[in-house]
Structures are given as structure tokens and as C-alpha cells.
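Just structure.cif here, mmCIF, C-alpha atoms and all ligand atoms:
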data_start
#
loop_
_atom_site.label_atom_id
_atom_site.label_comp_id
_atom_site.auth_asym_id
_atom_site.auth_seq_id
_atom_site.Cartn_x
_atom_site.Cartn_y
_atom_site.Cartn_z
CA MET Z 1 -53.64 37.31 77.17
CA LYS Z 2 -53.40 33.55 76.84
CA THR Z 3 -55.16 31.59 74.14
CA TYR Z 4 -55.88 27.88 73.95
CA PHE Z 5 -57.02 26.07 70.83
CA PHE Z 6 -58.52 22.62 71.34
CA LEU Z 7 -57.97 20.71 68.17
CA GLY Z 8 -59.13 17.30 67.00
CA LYS Z 9 -61.40 15.51 64.58
CA GLY Z 10 -65.17 15.34 64.86
CA GLY Z 11 -66.68 13.79 67.98
CA VAL Z 12 -63.47 13.15 69.94
CA GLY Z 13 -64.36 15.55 72.73
CA LYS Z 14 -63.02 18.97 71.70
CA THR Z 15 -66.06 20.74 73.06
CA THR Z 16 -66.06 18.82 76.32
CA ALA Z 17 -62.36 19.40 76.86
CA SER Z 18 -62.40 23.08 75.95
CA ALA Z 19 -65.48 23.72 78.08
CA ALA Z 20 -63.94 21.88 81.05
CA TRP Z 21 -60.65 23.72 80.57
CA SER Z 22 -62.37 27.11 80.54
CA VAL Z 23 -64.38 26.26 83.64
CA GLY Z 24 -61.18 25.25 85.41
CA LEU Z 25 -59.32 28.43 84.48
CA ALA Z 26 -62.26 30.59 85.49
CA HIS Z 27 -62.46 28.72 88.77
CA SER Z 28 -58.80 29.47 89.43
CA GLY Z 29 -59.63 33.17 89.14
CA MET Z 30 -58.83 34.04 85.54
CA LYS Z 31 -61.30 36.07 83.56
CA THR Z 32 -62.09 33.59 80.81
CA LEU Z 33 -63.95 33.53 77.51
CA VAL Z 34 -64.71 30.26 75.80
CA ALA Z 35 -65.56 30.70 72.13
CA SER Z 36 -66.80 28.11 69.70
CA ILE Z 37 -65.59 28.79 66.18
CA ASP Z 38 -66.82 25.40 64.97
CA PRO Z 39 -69.76 25.98 62.59
CA ALA Z 40 -71.28 22.77 64.03
CA HIS Z 41 -71.61 24.22 67.50
CA ASN Z 42 -72.23 22.17 70.58
CA LEU Z 43 -70.62 24.32 73.25
CA GLY Z 44 -74.05 25.25 74.55
CA ASP Z 45 -74.81 21.55 75.03
CA ALA Z 46 -71.75 21.11 77.22
CA PHE Z 47 -72.88 23.97 79.46
CA ALA Z 48 -76.49 22.87 79.18
CA ILE Z 49 -77.56 26.36 78.14
CA ARG Z 50 -78.41 28.07 74.92
CA LEU Z 51 -75.55 30.04 73.47
CA GLY Z 52 -75.36 32.23 70.43
CA ASP Z 53 -73.59 35.11 68.76
CA ARG Z 54 -73.81 37.28 71.87
CA ILE Z 55 -71.21 36.78 74.56
CA THR Z 56 -73.10 35.23 77.48
CA HIS Z 57 -72.19 35.06 81.13
CA VAL Z 58 -72.16 31.39 82.11
CA GLY Z 59 -70.43 31.36 85.50
CA ASP Z 60 -68.06 33.20 87.80
CA ASN Z 61 -65.29 34.71 85.67
CA LEU Z 62 -66.62 32.82 82.68
CA ASP Z 63 -68.31 33.96 79.48
CA ALA Z 64 -69.15 31.88 76.41
CA VAL Z 65 -70.07 32.50 72.79
CA GLU Z 66 -70.82 30.52 69.64
CA VAL Z 67 -69.80 32.40 66.51
CA ASN Z 68 -71.98 32.05 63.49
CA ILE Z 69 -69.33 32.05 60.82
CA GLU Z 70 -71.81 31.85 57.97
CA ASP Z 71 -73.72 34.92 59.18
CA MET Z 72 -70.44 36.71 59.62
CA ILE Z 73 -69.49 36.03 56.02
CA ARG Z 74 -72.89 37.10 54.77
CA ALA Z 75 -72.96 40.32 56.78
CA TYR Z 76 -69.46 41.21 55.74
CA LEU Z 77 -70.05 40.58 52.05
CA ASP Z 78 -73.37 42.44 52.10
CA GLU Z 79 -71.69 45.45 53.59
CA LEU Z 80 -68.89 45.28 51.07
CA SER Z 81 -71.30 44.89 48.20
CA VAL Z 82 -73.24 48.00 49.23
CA LYS Z 83 -70.01 49.94 49.51
CA MET Z 84 -68.94 48.76 46.07
CA LYS Z 85 -72.23 49.62 44.42
CA HIS Z 86 -71.52 53.16 45.63
CA THR Z 87 -67.99 53.47 44.39
CA TYR Z 88 -68.14 51.36 41.27
CA SER Z 89 -70.82 53.34 39.57
CA TYR Z 90 -69.77 52.08 36.17
CA MET Z 91 -70.36 48.46 37.03
CA SER Z 92 -73.89 47.23 36.83
CA ALA Z 93 -75.47 46.03 40.04
CA MET Z 94 -75.90 42.63 38.45
CA ASN Z 95 -72.22 42.42 37.77
CA ILE Z 96 -71.39 43.12 41.40
CA ASP Z 97 -73.90 40.58 42.62
CA GLY Z 98 -72.25 38.08 40.33
CA TYR Z 99 -68.87 38.82 41.86
CA PHE Z 100 -70.26 38.33 45.32
CA ASP Z 101 -71.81 35.01 44.45
CA ILE Z 102 -68.36 33.88 43.46
CA LEU Z 103 -66.78 35.30 46.59
CA LYS Z 104 -69.32 33.64 48.84
CA ASN Z 105 -68.24 30.29 47.51
CA SER Z 106 -64.59 30.96 46.99
CA PRO Z 107 -62.23 28.58 48.75
CA GLY Z 108 -60.76 30.05 51.88
CA ILE Z 109 -63.58 32.38 52.75
CA GLU Z 110 -64.54 30.31 55.79
CA GLU Z 111 -60.96 30.21 56.99
CA TYR Z 112 -60.75 33.95 56.50
CA ALA Z 113 -63.91 34.61 58.49
CA THR Z 114 -62.74 32.23 61.22
CA MET Z 115 -59.45 34.07 61.46
CA GLU Z 116 -61.34 37.36 61.69
CA ALA Z 117 -63.44 35.93 64.53
CA ILE Z 118 -60.31 34.88 66.39
CA LYS Z 119 -58.86 38.34 65.86
CA LYS Z 120 -61.99 39.92 67.27
CA PHE Z 121 -61.93 37.84 70.45
CA VAL Z 122 -58.25 38.20 71.22
CA ALA Z 123 -58.71 41.95 70.99
CA LEU Z 124 -61.06 41.84 73.99
CA THR Z 125 -58.69 43.02 76.67
CA GLU Z 126 -61.06 42.37 79.54
CA TYR Z 127 -60.24 38.65 79.33
CA GLY Z 128 -57.09 37.05 80.62
CA VAL Z 129 -57.71 33.86 78.66
CA VAL Z 130 -59.62 32.89 75.55
CA VAL Z 131 -60.30 29.19 74.97
CA PHE Z 132 -61.31 28.18 71.46
CA ASP Z 133 -63.45 25.19 70.60
CA THR Z 134 -62.41 24.67 66.99
CA PRO Z 135 -63.76 23.11 63.80
CA PRO Z 136 -62.28 19.72 62.81
CA THR Z 137 -58.50 19.50 62.46
CA GLY Z 138 -57.81 20.26 58.80
CA MET Z 139 -59.80 23.45 58.82
CA THR Z 140 -58.25 24.63 62.07
CA ILE Z 141 -54.74 24.04 60.82
CA ARG Z 142 -55.53 26.07 57.71
CA VAL Z 143 -56.83 28.89 59.90
CA LEU Z 144 -53.76 28.83 62.12
CA ALA Z 145 -51.54 28.78 59.03
CA MET Z 146 -53.40 31.61 57.41
CA PRO Z 147 -51.51 34.59 58.84
CA ARG Z 148 -48.22 33.20 57.52
CA VAL Z 149 -49.54 32.26 54.08
CA SER Z 150 -51.41 35.54 53.71
CA LEU Z 151 -48.36 37.43 54.84
CA LEU Z 152 -46.28 35.90 52.09
CA TRP Z 153 -48.82 37.01 49.51
CA THR Z 154 -49.30 40.43 51.04
CA GLU Z 155 -45.58 41.09 51.04
CA GLN Z 156 -45.26 40.12 47.39
CA LEU Z 157 -48.24 42.26 46.44
CA ILE Z 158 -46.70 45.19 48.30
CA LYS Z 159 -43.57 44.75 46.19
CA MET Z 160 -45.60 44.66 42.98
CA ARG Z 161 -47.53 47.69 44.10
CA LYS Z 162 -44.33 49.60 44.83
CA ARG Z 163 -43.21 48.91 41.31
CA ILE Z 164 -46.51 50.07 39.84
CA LEU Z 165 -46.27 53.30 41.80
CA ALA Z 166 -42.69 53.78 40.67
CA THR Z 167 -43.72 53.35 37.05
CA ARG Z 168 -46.56 55.75 37.60
CA GLY Z 169 -44.03 58.20 38.98
CA MET Z 170 -42.07 57.93 35.75
CA VAL Z 171 -45.15 58.72 33.72
CA GLU Z 172 -45.85 61.64 36.06
CA ASN Z 173 -42.37 63.04 35.43
CA VAL Z 174 -43.06 63.21 31.74
CA GLN Z 175 -46.66 64.29 31.59
CA GLY Z 176 -47.55 65.62 35.03
CA LYS Z 177 -50.22 64.19 37.33
CA PHE Z 178 -51.45 60.88 36.15
CA GLU Z 179 -55.05 60.76 35.11
CA ALA Z 180 -56.99 57.80 33.99
CA GLU Z 181 -60.45 57.43 32.61
CA VAL Z 182 -62.64 54.92 34.34
CA ASP Z 183 -65.75 54.65 32.23
CA GLY Z 184 -66.01 58.30 31.43
CA GLU Z 185 -64.97 59.52 34.84
CA LYS Z 186 -61.56 61.09 35.20
CA VAL Z 187 -59.57 60.02 38.25
CA VAL Z 188 -56.20 61.27 39.42
CA LEU Z 189 -53.88 58.47 40.39
CA SER Z 190 -51.12 59.25 42.81
CA SER Z 191 -47.72 57.67 42.62
CA ARG Z 192 -47.15 58.22 46.32
CA GLU Z 193 -47.49 55.23 48.61
CA LYS Z 194 -49.27 57.26 51.25
CA GLU Z 195 -51.92 58.33 48.74
CA ASP Z 196 -52.51 54.96 47.15
CA PRO Z 197 -55.41 53.30 48.96
CA ILE Z 198 -54.42 49.82 47.81
CA MET Z 199 -50.92 50.23 49.20
CA GLN Z 200 -52.33 51.59 52.45
CA GLU Z 201 -54.70 48.65 52.77
CA LEU Z 202 -51.96 46.13 52.04
CA VAL Z 203 -49.65 47.74 54.55
CA SER Z 204 -52.22 47.80 57.32
CA TYR Z 205 -53.28 44.24 56.57
CA ARG Z 206 -49.64 43.21 56.81
CA GLU Z 207 -49.50 44.72 60.30
CA GLU Z 208 -52.56 42.78 61.40
CA LEU Z 209 -51.25 39.53 59.96
CA LEU Z 210 -47.88 40.00 61.61
CA ALA Z 211 -49.54 40.56 64.97
CA LEU Z 212 -51.65 37.43 64.56
CA LYS Z 213 -48.74 35.33 63.35
CA ASP Z 214 -46.65 36.42 66.31
CA MET Z 215 -49.48 35.71 68.67
CA PHE Z 216 -50.05 32.20 67.31
CA SER Z 217 -46.41 31.29 67.74
CA SER Z 218 -45.83 33.07 71.05
CA ASP Z 219 -45.56 31.24 74.36
CA GLN Z 220 -48.94 32.67 75.36
CA SER Z 221 -50.76 30.67 72.73
CA TYR Z 222 -51.26 26.94 73.09
CA VAL Z 223 -52.68 24.17 70.98
CA GLU Z 224 -54.13 21.18 72.77
CA ILE Z 225 -54.82 18.04 70.78
CA VAL Z 226 -57.83 15.95 71.72
CA THR Z 227 -57.82 12.43 70.33
CA MET Z 228 -58.36 8.81 71.35
CA ALA Z 229 -55.90 6.07 72.20
CA GLU Z 230 -56.14 4.24 68.89
CA ASP Z 231 -53.43 3.10 66.50
CA LEU Z 232 -54.44 5.57 63.82
CA ALA Z 233 -54.33 8.48 66.24
CA LEU Z 234 -50.59 8.13 66.70
CA SER Z 235 -49.53 8.97 63.16
CA GLU Z 236 -52.30 11.52 62.82
CA THR Z 237 -51.17 13.31 65.97
CA LYS Z 238 -47.58 13.33 64.76
CA ARG Z 239 -48.70 14.84 61.47
CA ILE Z 240 -50.61 17.61 63.24
CA ILE Z 241 -47.63 18.43 65.44
CA GLU Z 242 -45.40 18.49 62.39
CA SER Z 243 -47.63 20.74 60.28
CA LEU Z 244 -48.14 23.13 63.16
CA GLY Z 245 -44.40 23.10 63.77
CA LYS Z 246 -43.83 24.42 60.28
CA PHE Z 247 -45.81 27.47 61.27
CA LYS Z 248 -43.93 27.68 64.56
CA ILE Z 249 -47.03 26.79 66.53
CA ARG Z 250 -46.43 24.54 69.49
CA VAL Z 251 -48.63 21.83 70.95
CA ARG Z 252 -48.83 21.85 74.72
CA ALA Z 253 -50.70 18.66 75.59
CA ILE Z 254 -52.38 15.65 74.04
CA TYR Z 255 -55.55 14.36 75.65
CA LEU Z 256 -56.53 10.77 75.03
CA ASN Z 257 -60.25 10.96 75.60
CA LYS Z 258 -62.82 8.25 76.24
CA PHE Z 259 -60.14 6.05 77.67
CA PHE Z 260 -61.30 2.63 78.95
CA ALA Z 261 -60.19 2.38 82.54
CA MET Z 262 -61.35 -0.92 84.00
CA ALA Z 263 -59.91 -3.35 86.50
CA ASN Z 264 -61.43 -6.49 84.96
CA PRO Z 265 -62.40 -5.75 81.37
CA PRO Z 266 -64.77 -8.15 79.67
CA GLU Z 267 -63.15 -10.27 77.01
CA GLU Z 268 -64.88 -8.34 74.21
CA ILE Z 269 -62.86 -5.23 74.79
CA GLN Z 270 -59.54 -6.73 75.83
CA GLY Z 271 -58.07 -6.24 72.36
CA LYS Z 272 -59.10 -2.63 72.45
CA MET Z 273 -57.51 -2.18 75.84
CA GLU Z 274 -54.24 -3.63 74.59
CA GLU Z 275 -54.34 -1.20 71.70
CA GLN Z 276 -54.80 1.64 74.21
CA GLU Z 277 -51.77 0.58 76.23
CA ARG Z 278 -49.69 0.29 73.09
CA VAL Z 279 -50.71 3.72 71.82
CA VAL Z 280 -50.11 5.44 75.16
CA GLY Z 281 -46.68 3.84 75.40
CA ARG Z 282 -45.66 4.85 71.91
CA MET Z 283 -47.06 8.36 72.23
CA LYS Z 284 -45.06 9.00 75.36
CA ALA Z 285 -41.93 7.52 73.80
CA GLU Z 286 -42.16 9.03 70.34
CA ILE Z 287 -43.56 12.47 71.05
CA ARG Z 288 -41.16 14.37 73.22
CA GLY Z 289 -41.81 17.44 75.29
CA ILE Z 290 -45.58 17.25 75.06
CA GLU Z 291 -47.73 16.09 77.95
CA VAL Z 292 -49.97 13.09 77.28
CA LYS Z 293 -53.04 12.76 79.50
CA ASN Z 294 -55.92 10.31 79.65
CA ILE Z 295 -59.52 11.29 80.14
CA PRO Z 296 -61.51 8.17 80.97
CA LEU Z 297 -64.74 7.25 79.29
CA LEU Z 298 -67.25 8.52 81.83
CA ARG Z 299 -70.51 6.89 82.78
CA LYS Z 300 -72.34 9.91 81.59
CA SER Z 301 -71.62 12.79 79.22
CA PRO Z 302 -70.47 15.71 81.36
CA ARG Z 303 -72.99 18.57 81.30
CA GLY Z 304 -73.00 21.88 83.15
CA ILE Z 305 -70.42 23.78 85.17
CA ASN Z 306 -70.11 21.36 88.08
CA GLU Z 307 -69.55 18.25 86.01
CA LEU Z 308 -67.13 20.11 83.76
CA LEU Z 309 -65.18 21.37 86.76
CA ASP Z 310 -64.99 17.80 87.95
CA VAL Z 311 -63.49 16.71 84.61
CA TYR Z 312 -61.02 19.59 84.80
CA SER Z 313 -59.75 18.92 88.28
CA LYS Z 314 -59.60 15.15 87.92
CA TYR Z 315 -58.15 14.78 84.43
CA LEU Z 316 -56.99 18.00 82.80
CA VAL Z 317 -54.60 19.52 85.35
CA MET H 1 -47.72 23.21 52.74
CA ARG H 2 -43.96 23.68 52.28
CA ARG H 3 -44.30 22.72 48.65
CA LEU H 4 -47.12 25.19 48.19
CA LEU H 5 -45.07 27.97 49.72
CA ASP H 6 -42.08 27.10 47.55
CA SER H 7 -44.08 27.07 44.36
CA LEU H 8 -45.67 30.38 45.33
CA LYS H 9 -42.24 31.88 45.86
CA GLN H 10 -41.10 30.48 42.54
CA SER H 11 -43.98 32.02 40.64
CA PHE H 12 -43.46 35.35 42.37
CA ARG H 13 -39.85 35.24 41.27
CA THR H 14 -41.04 34.78 37.71
CA PHE H 15 -43.33 37.80 37.98
CA ASP H 16 -40.51 39.69 39.53
CA LYS H 17 -38.18 39.00 36.65
CA GLY H 18 -40.78 39.78 34.05
CA MET H 19 -41.60 43.03 35.71
CA ARG H 20 -38.01 44.19 35.91
CA GLU H 21 -37.15 43.73 32.28
CA ASP H 22 -37.55 46.43 29.76
CA ALA H 23 -37.88 49.31 32.19
CA THR H 24 -37.32 52.22 29.89
CA SER H 25 -39.19 51.52 26.69
CA LEU H 26 -42.88 52.18 26.51
CA ILE H 27 -43.32 52.98 30.16
CA ARG H 28 -46.99 53.54 29.81
CA LYS H 29 -47.58 50.22 28.21
CA GLN H 30 -45.58 48.70 30.99
CA LEU H 31 -47.72 50.42 33.58
CA ASP H 32 -50.85 49.01 31.98
CA GLU H 33 -49.25 45.63 31.99
CA GLU H 34 -48.23 45.81 35.63
CA GLU H 35 -51.62 46.94 36.71
CA ASN H 36 -53.22 44.23 34.68
CA VAL H 37 -51.06 41.53 36.24
CA PHE H 38 -51.86 42.93 39.67
CA ALA H 39 -55.56 42.84 38.91
CA LEU H 40 -55.49 39.38 37.42
CA LEU H 41 -53.48 38.06 40.29
CA THR H 42 -55.64 39.55 43.01
CA MET H 43 -59.03 39.41 41.34
CA GLY H 44 -58.45 36.08 39.63
CA VAL H 45 -61.01 34.46 41.91
CA PHE H 46 -63.59 35.93 39.56
CA SER H 47 -62.25 33.99 36.63
CA GLY H 48 -61.01 30.83 38.28
CA ILE H 49 -57.35 31.77 38.35
CA PRO H 50 -55.32 30.73 41.41
CA SER H 51 -55.65 33.56 43.87
CA PRO H 52 -54.19 35.00 47.02
CA PRO H 53 -55.97 34.10 50.24
CA THR H 54 -59.51 35.44 50.14
CA GLY H 55 -58.74 37.74 53.07
CA VAL H 56 -56.20 39.67 51.05
CA VAL H 57 -58.63 39.96 48.14
CA LEU H 58 -61.44 41.17 50.37
CA ARG H 59 -59.25 43.80 51.95
CA ILE H 60 -58.23 45.51 48.75
CA LEU H 61 -61.39 44.86 46.75
CA PRO H 62 -63.06 48.19 47.58
CA HIS H 63 -60.06 50.04 46.16
CA MET H 64 -59.66 48.03 43.01
CA SER H 65 -62.06 49.93 40.78
CA ARG H 66 -59.41 51.13 38.37
CA GLU H 67 -57.67 47.80 38.04
CA ILE H 68 -60.94 46.00 37.57
CA ALA H 69 -61.77 48.49 34.85
CA VAL H 70 -58.44 47.75 33.17
CA MET H 71 -59.10 44.06 33.50
CA ASN H 72 -62.63 44.36 32.13
CA LYS H 73 -61.47 46.44 29.22
CA ARG H 74 -59.14 43.64 28.28
CA SER H 75 -61.62 40.89 28.82
CA ALA H 76 -63.50 42.33 25.88
CA GLY H 77 -61.32 39.78 24.08
CA LEU H 78 -61.61 36.91 26.53
CA ASP H 79 -59.11 34.68 24.75
CA ASP H 80 -56.59 37.38 25.24
CA VAL H 81 -57.07 37.53 28.99
CA PHE H 82 -56.61 33.84 29.36
CA SER H 83 -53.53 33.68 27.21
CA GLN H 84 -52.06 36.60 29.13
CA THR H 85 -52.84 35.05 32.44
CA LEU H 86 -51.43 31.71 31.50
CA GLY H 87 -48.36 33.52 30.23
CA THR H 88 -48.02 35.19 33.60
CA PHE H 89 -48.21 31.87 35.33
CA ASP H 90 -45.80 30.27 32.88
CA ILE H 91 -48.31 27.69 31.72
CA ASP H 92 -48.68 26.86 28.05
N1 LIG M 401 -64.67 11.30 78.48
C1 LIG M 401 -65.94 11.23 78.11
N2 LIG M 401 -66.76 10.33 78.66
C2 LIG M 401 -68.06 10.26 78.26
N3 LIG M 401 -68.61 11.01 77.33
C3 LIG M 401 -67.84 11.92 76.72
C4 LIG M 401 -66.46 12.09 77.07
N4 LIG M 401 -65.95 13.07 76.31
C5 LIG M 401 -66.95 13.49 75.51
N5 LIG M 401 -68.08 12.80 75.76
C6 LIG M 401 -69.36 12.95 75.05
O1 LIG M 401 -69.14 12.57 73.70
C7 LIG M 401 -69.88 13.42 72.83
C8 LIG M 401 -68.93 14.13 71.87
O2 LIG M 401 -68.07 14.95 72.61
P1 LIG M 401 -67.83 16.46 72.22
O3 LIG M 401 -69.09 17.11 71.84
O4 LIG M 401 -67.03 17.09 73.31
O5 LIG M 401 -66.90 16.22 70.97
P2 LIG M 401 -66.49 17.24 69.81
O6 LIG M 401 -65.11 16.84 69.43
O7 LIG M 401 -66.74 18.61 70.24
O8 LIG M 401 -67.51 16.83 68.69
P3 LIG M 401 -67.94 17.68 67.40
O9 LIG M 401 -66.84 17.50 66.43
O10 LIG M 401 -69.21 17.01 66.99
O11 LIG M 401 -68.13 19.09 67.85
C9 LIG M 401 -70.64 14.38 73.70
O12 LIG M 401 -71.92 13.88 73.94
C10 LIG M 401 -69.84 14.39 75.00
O13 LIG M 401 -70.63 14.71 76.11
MG MG M 402 -67.79 20.19 69.38
#

Output the file's structure as C-alpha cells, nothing else.
Ligand SMILES: Nc1ncnc2c1ncn2[C@@H]1O[C@H](COP(=O)(O)OP(=O)(O)OP(=O)(O)O)[C@@H](O)[C@H]1O
Ligand SMILES: [Mg+2]
Amino acid sequence: MKTYFFLGKGGVGKTTASAAWSVGLAHSGMKTLVASIDPAHNLGDAFAIRLGDRITHVGDNLDAVEVNIEDMIRAYLDELSVKMKHTYSYMSAMNIDGYFDILKNSPGIEEYATMEAIKKFVALTEYGVVVFDTPPTGMTIRVLAMPRVSLLWTEQLIKMRKRILATRGMVENVQGKFEAEVDGEKVVLSSREKEDPIMQELVSYREELLALKDMFSSDQSYVEIVTMAEDLALSETKRIIESLGKFKIRVRAIYLNKFFAMANPPEEIQGKMEEQERVVGRMKAEIRGIEVKNIPLLRKSPRGINELLDVYSKYLV
Amino acid sequence: MRRLLDSLKQSFRTFDKGMREDATSLIRKQLDEEENVFALLTMGVFSGIPSPPTGVVLRILPHMSREIAVMNKRSAGLDDVFSQTLGTFDID
């Protein structure tokens, strides 16, 4: 499966570009899913239909979905909280609710849920391609970096856990099976990795993270940057390429959207047009090995399959 | 990001060292200590201590009853928890 992430700051045209790209791929015969993981969805607007949490058929070979990250977090935490109220009988319900209030607002929870959403979609083997319309740049980079960062932590925690189990084993050697009292209830604690649920969870999470990390940096996964031909965009784009590079994630193409293409520009925008030329020139010279393409400022915002296909075939391929 | 990763590695190294020392004496006390560090490190989000990515926390949370119990037992003396945690992180 191929994945494409369209990345850029707010309003530059991520949704338009990712929608057009997905329409183009579907048109060329690939079974395609376009998924918005931006909490401020507007993928439905691009297709001129209402989208939601359910995967919806929007055209030949093409399905679309808008993930409600906030609902996902809520549902997940609710489920977890119910499970915990069962197992943690000694903790008062109020205590657990307090924990979950903290979790709901803990930094990184949105990135985590977004990563989970990505994981869910790439597991859908009926698609040949998944195109992601992403939240603004910073957030997306954190999500793409997450498997690597989490992996580092998970590996260290596995090491610590191994040591705990080894120490437990020593206690076992002296006094037999290790028992502990958790608020009056006696529990037997195993020193074997296979019987320690925390170790098992860490190990299986490590597997998932490894798979995701490998996928993000494989040659089947592409990041496309959408930006505009402005002076500031140059250094910003370089920064994005550099931070993604650290996580071994490659950028395939840069789209300069809303490009003024005019034979005889009025004087008022001549300065702007010079800036454009300058930026395009420098981008092509200073950023090697990445395609740079212009998408002109269109007379009208592209809406619906036909107009999106038009954008794709004229400007994206 | 690089800097963050490096400083993470550094602090893990510190844990590592601390956990290796003194392996024979008072094994039980050591076990308590190790489990407490593990709990503080992974469940620190509940007390504002720098934490692993939320995903990792969420994954092991359902199995953390014993370590949370250990942690709660200790937080009877709150000052103690904080001084221990800061000690773990090498902050004075
Ligand atoms: N090349 C273009 N010519 C004309 N209009 C465009 C072009 N590209 C995008 N637009 C319009 O600009 C607006 C913003 O584009 P779009 O929604 O694709 O950006 P976005 O990056 O997804 O924004 P957000 O961050 O708000 O989700 C939309 O109304 C879209 O139709
Ligand atoms: Mg958008």
C-alpha cells in the first residue's frame, strides 16, 4: 500500500491538493481512500458532499472519510475508564475519573489518537493507496515523529521492566512465589516475562511502533508539502524537510499553490510576482531531489470530482 | 528534536546506572524502588512529571494497578514522592 501525507500550514490548500490527488489516483485505476485527520475538516467541502466518521463512497475507486479525533479520544478513554473501574476495585471511582480528566488534557493525546487513526486506515488492505489530509504542519510532524520517539521510550521501559522481573526472580528464589497485597487483595506476581502483562503490552506496542516507523520511512510512503511562493515559505519548507529527514521521512514534491500566472499583471501585484519568481528559483536551486510544482490561483475554488480531476491532470502530475 | 532525544537518552542512562548499583543488598527494598521509579516514570502524567508519550502510558495503564498502588502508598507523604522523583531526574 502507498500512503501520501499532504502537509502544510492552515489555508494553503492541503485539502484541495489531497482531494485532487486522490481523485487522480482513483481515476488511474487505483483503489483509493482519502482520509482527513485534520480536526478542522474541510474535505467534504472539496468534494461538495457531507463526510463523516463513516467511510463514504465518493466516486469510482474512491472512498473518503473525516476522522473525528476528539470523539475517538473520548470513546477510547471511556472504554479504558470502565475497564479500570473493574480491575482497580480499590481505587474510588472519583479517583479514576480524576485520572481521566488529566489524561484527556495531557499533551500528546491528540497526536496519539491521530497516529492510531493512521494505523487503522493503513491496515485496510482493500485499498492500494491512502491519501491523508493532515492537520497543520507542526502537529503532523509530531505525529510522524511519534513512532520513533515512542519506540525509544518503549525500549527503555522494556529494559527497566526486565530488571524488575529479574529482581522479582531473586526474591522468588528466596521466598517462593512472589505475593503482594494490593489493598487487602493478595496477588501473585510472576517474574516471567511471558506472564507479566506490562511486559507483554510493551513488547506488542514495540512491534506496532516498529511497523509504523518502517512504513513512514519506506519508499511507499510520501510526504507532499503544500505551500505558497513567498519568501517565508522557503526557509519554512527547508525546516520541514530537515525535521522529517531526522526521522528518515522523505518529501516527494513541493506544491506552490495559488500561484499568480498572468501575462500582463497590474502594477499592484508586480512586486508579489517578482517575489514568486525569486522563491521558485531559489527553491529549485536550494532544494535538491524534490520536485517543485506550481498550482495557479484559479478563478474559482475547485469543488467536486470533475474540477478536482482537472486540477490533478493539469497541475499535479 | 535531536536535543530532546539526547537528553532523554542521558536521563535513561542515569536511571540505568542507579538501578544497577547495589544489586545484592536489600533486594526487596530495591524491588520496591524499581517498581516505584517505573510507576513514577510512566504514570507521572498524573502528577505533572515529564512522561513518556501518552500512547505508551495508555497502553500499559490497565495493567498498572500494583505499581499505582505502590505509588499511592508512598504519596501518603507527598513531599517524599516529589523529592524521590526529583532525585530520579537528577534535579535538586
Ligand atoms: N489554486 C487554487 N485556486 C483557487 N482557490 C484555491 C486554490 N487552492 C485552494 N483554493 C481554495 O482556498 C481555500 C483553502 O484551501 P484548502 O481548504 O484546500 O486549504 P487547507 O490547507 O486545507 O486549509 P485548512 O488548513 O483550513 O484545512 C478553499 O476555499 C479552496 O477551495
Ligand atoms: Mg483543510

Requested in this report: Select the residues contacting ligand MG 402 (chain M) at a distance of at most 12 Å, based on all atoms listed in the file, then format the selection as a PyMOL selection string.
Outcome: chain Z and resi 6-19+35-47+66+132-137+226

Report task. Taking only C-alpha atoms into account, report as JSON, numbers by chain which residues of chain Z lie within 6 Å of chain H. Result -> {"Z": [108, 109, 112, 150, 198]}

For the residues in the current selection, export C-alpha atoms as an mmCIF file, keeping the file's coordinate frame.
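Generated file (again22.cif):
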data_model
loop_
_atom_site.group_PDB
_atom_site.id
_atom_site.type_symbol
_atom_site.label_atom_id
_atom_site.label_comp_id
_atom_site.auth_asym_id
_atom_site.auth_seq_id
_atom_site.Cartn_x
_atom_site.Cartn_y
_atom_site.Cartn_z
ATOM 1 C CA GLY Z 108 -60.760 30.050 51.880
ATOM 2 C CA ILE Z 109 -63.580 32.380 52.750
ATOM 3 C CA TYR Z 112 -60.750 33.950 56.500
ATOM 4 C CA SER Z 150 -51.410 35.540 53.710
ATOM 5 C CA ILE Z 198 -54.420 49.820 47.810
#

Query - Asp196 (chain Z) surroundings by all atoms listed in the file, 12 Å radius, close-in-sequence under 4 positions cut, as number ranges by chain - result: Z: 158, 161-162, 164-166, 168, 188-192, 200-203; H: 60, 63-64, 66

Query raised in the report: Could you work out how far CA of Arg54 (chain Z) lies from CA of Lys83 (chain Z), giving the answer in Å with one decimal?
Result: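 Taking CA of Lys83 (chain Z) and CA of Arg54 (chain Z), their separation equals 26.0 Å.
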
Query raised in the report: When distances are computed from all atoms listed in the file, which of Z:Asn257, Z:Lys293, Z:Ser313, Z:Asn95 shows the smallest separation from Gly281 (chain Z)?
Result: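 Between Z:Asn257, Z:Lys293, Z:Ser313, Z:Asn95, the residue approaching Gly281 (chain Z) most closely is Z:Lys293.
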
Query raised in the report: Of the residues Z:Leu77, Z:Ala20, Z:Leu144, Z:Val149, which is the one nearest to ligand LIG 401 (chain M), using only C-alpha atoms and all ligand atoms?
Result: Z:Ala20

Report task. Using CA of Leu103 (chain Z) and CA of Glu193 (chain Z) as the two end points, give the distance in Å to one decimal. Result -> 27.8 Å

Query raised in the report: Nearest to Gln10 (chain H) among Z:Thr56, Z:Gln156, Z:Thr140, Z:Asn68, with distances taken over all atoms listed in the file: which residue is it?
Result: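 Nearest to Gln10 (chain H): Z:Gln156.
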
Build an axis-aligned box that encloses every atom of region 12-24 of chain Z listed in the file, pad it by 3 Å on each side, and report its centre and edge lengths in Å to one decimal, as JSON.
{"center_x": -63.4, "center_y": 20.1, "center_z": 77.7, "size_x": 11.4, "size_y": 20.0, "size_z": 21.5}

**Report entry** Pick from Z:Ile141, Z:Asp78, Z:Lys2, Z:Trp21, whichever lies nearest to ligand LIG 401 (chain M) using all atoms listed in the file
**Finding:** Z:Trp21

Report task. Quote the spacing between CA of Ile269 (chain Z) and CA of Ile287 (chain Z) in Å to one decimal place. Result ->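 Computed distance, CA of Ile269 (chain Z) to CA of Ile287 (chain Z), equals 26.5 Å.
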